[in-house]
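Enquirer: Below is the structure I would like to discuss, written out as structure tokens.
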Amino acid sequence: MDIALIILLVFGLFILLSSFFTVKQQTAVVIERFGKFLSIRQSGLHLKIPLIDRIAGRVNLKIQQLDVIIETKTKDNVFVKLKVSVQFMVIKETVYDAFYKLEYPHDQITSYVFDVVRAEVPKLKLDDVFERKDDIAIAVKRELNEAMTTYGYTIINTLVTDIDPDIQVKNAMNRINAADREKTVAEFEAEASRIRIVAKAEAEAESKRLQGQGIANQRREIAKGLVESVDVLNSVGINSQEASALIVVTQHYDTLQAIGADTNSNLILLPNSPQAGSDMLNNMIASFSASNQVGELMKKKSAPSENRKRTQIQEPPTNETETPEEEK
């Protein structure tokens, strides 16, 4: 076989194979003929004229993301860094505009993001930037959509993904938050302490009330016991004064016995001899007798005055003028 024929066959096979090309899914291919736009081919197997038609470029139809970091200042003169994520894609029907009108779409989008963010953030204070980051993202999306639609791009979404103030500002904010939390902790601790104090006071008040009731009941029962003891002593011929004195002396010795039962007691009662108990009994009997005599004298003195009052009340009033018959 002639060498020239072999070369011709190889060249023909190469030309034939170069006439076919494939386009991947979510991709568009721009075909030019002698440098002039010819057509846009979508995904699949396609044919072009070798040496006449050429693939000018491939356009990605997938959703792309561009992260833009902007440093700007807020209304209260705090410098912050914002990270804005822009999700965009080429419109399938406007691949021509996206390919021929805009050479560097990322740079164009970055410029618009810088312009919008540096116009919106200086209107807000630092705290408002954190609270209204969605408003900033919406403003960026609105501005980008108006500008990029002309070039065949659509903006899917814009997100403010990070807000990073200056390190000194962050430290100050952390100190403010820490102080606020410490204040809250102090308030809760004070409230808990107040509750404990109130509960303790209420418990002590209830305890005192119950103790008072117990002492009152105890004294009531003691009084009943004393009355019964006096009645028993009266039934055997001992009058009330002697019975009361005897009961007091008995309680005195019971108290001495209770004190003596405690080995650790340092209490000393003066006087505490048997003669002192006898003197106490005699003095009490004498005082009871004297008080009875004074009471009898008071009753005798008050009796005549009461009788005079009764006679004055019973006598009818006399008329000062006499009748004519009494004058005759």
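A note on labels: chains of the structure tokens are A, B, ... as shown, every chain counts residues from 1, and ligands are counted from 1 in their shown order.
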Skipping near chain neighbours, those fewer than 2 positions away, what residues fall within 7 Å of Ala56 of chain A using only C-alpha atoms, listed as an NGL selection string?
Expert: :A and (30-32 or 54)
Enquirer: For N, CA and C atoms, I'd like the residues from the last selection saved as a PDB file, in the first residue's frame.
Expert:
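Writing done, so here's selection-v4.pdb:
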```pdb
ATOM      1  N   VAL A  30     -20.704  27.164  22.724  1.00  0.00           N
ATOM      2  CA  VAL A  30     -20.870  28.220  21.725  1.00  0.00           C
ATOM      3  C   VAL A  30     -20.023  27.860  20.495  1.00  0.00           C
ATOM      4  N   ILE A  31     -20.673  27.783  19.313  1.00  0.00           N
ATOM      5  CA  ILE A  31     -20.002  27.418  18.059  1.00  0.00           C
ATOM      6  C   ILE A  31     -19.868  28.681  17.205  1.00  0.00           C
ATOM      7  N   GLU A  32     -18.637  28.894  16.703  1.00  0.00           N
ATOM      8  CA  GLU A  32     -18.362  30.004  15.789  1.00  0.00           C
ATOM      9  C   GLU A  32     -17.866  29.466  14.454  1.00  0.00           C
ATOM     10  N   ARG A  54     -15.726  25.995  14.892  1.00  0.00           N
ATOM     11  CA  ARG A  54     -14.907  25.702  16.061  1.00  0.00           C
ATOM     12  C   ARG A  54     -15.715  25.980  17.337  1.00  0.00           C
TER      13      ARG A  54
END
```
Enquirer: Using only C-alpha atoms, which residue out of A:Phe11, A:Phe20, A:Phe37, A:Phe88 lies closest to Leu144 of chain A?
Expert: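 Comparing A:Phe11, A:Phe20, A:Phe37, A:Phe88 against Leu144 of chain A, the winner is A:Phe88.
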Enquirer: What separation in Å, quoted to one decimal, exists between atom CA of Gly35 of chain A and atom CA of Val23 of chain A?
Expert: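 The value is 20.2 Å.
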Enquirer: Can you tell me which residues surround Leu16 of chain A at a distance of at most 10 Å, considering only C-alpha atoms, apart from same-chain residues fewer than 5 positions away, and format the answer as a list in words?
Expert: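 My reading of the contact set: Val10, Phe11, Leu47, Lys48, Ile49 and Pro50 of chain A.
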Enquirer: Mind the document's chain letters and residue numbers, and return as a ChimeraX atom specification the residues of segment 7-126 of chain A that DSSP labels helix (DSSP H, G or I).
Expert: /A:7-18,92-100,105-123,126
Enquirer: Using only C-alpha atoms, which residues sit within 8 Å of segment 151-166 of chain A once same-chain residues fewer than 5 positions away are excluded, as a ChimeraX atom specification?
Expert: /A:63,78-91,94-98,101-102,130,133-134,136-138,140-141,144-145
Enquirer: When DSSP is applied to the backbone of this structure, which of segment 86-183 of chain A are assigned strand (DSSP E or B)? Write them out as a PyMOL selection string.
Expert: chain A and resi 86-90+153-165
Enquirer: Just the residues within 7 Å of Arg58 of chain A, please, counting only C-alpha atoms, with nothing from its chain fewer than 6 positions along; format it as a list in words.
Expert: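 The residues satisfying every condition are Thr27, Ala28, Val29 and Val30 of chain A.
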Enquirer: Which value, in Å to one decimal, gives the distance between atom CA of Ser19 of chain A and atom CA of Val59 of chain A?
Expert: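 Calculated distance between atom CA of Ser19 of chain A and atom CA of Val59 of chain A is 20.3 Å.
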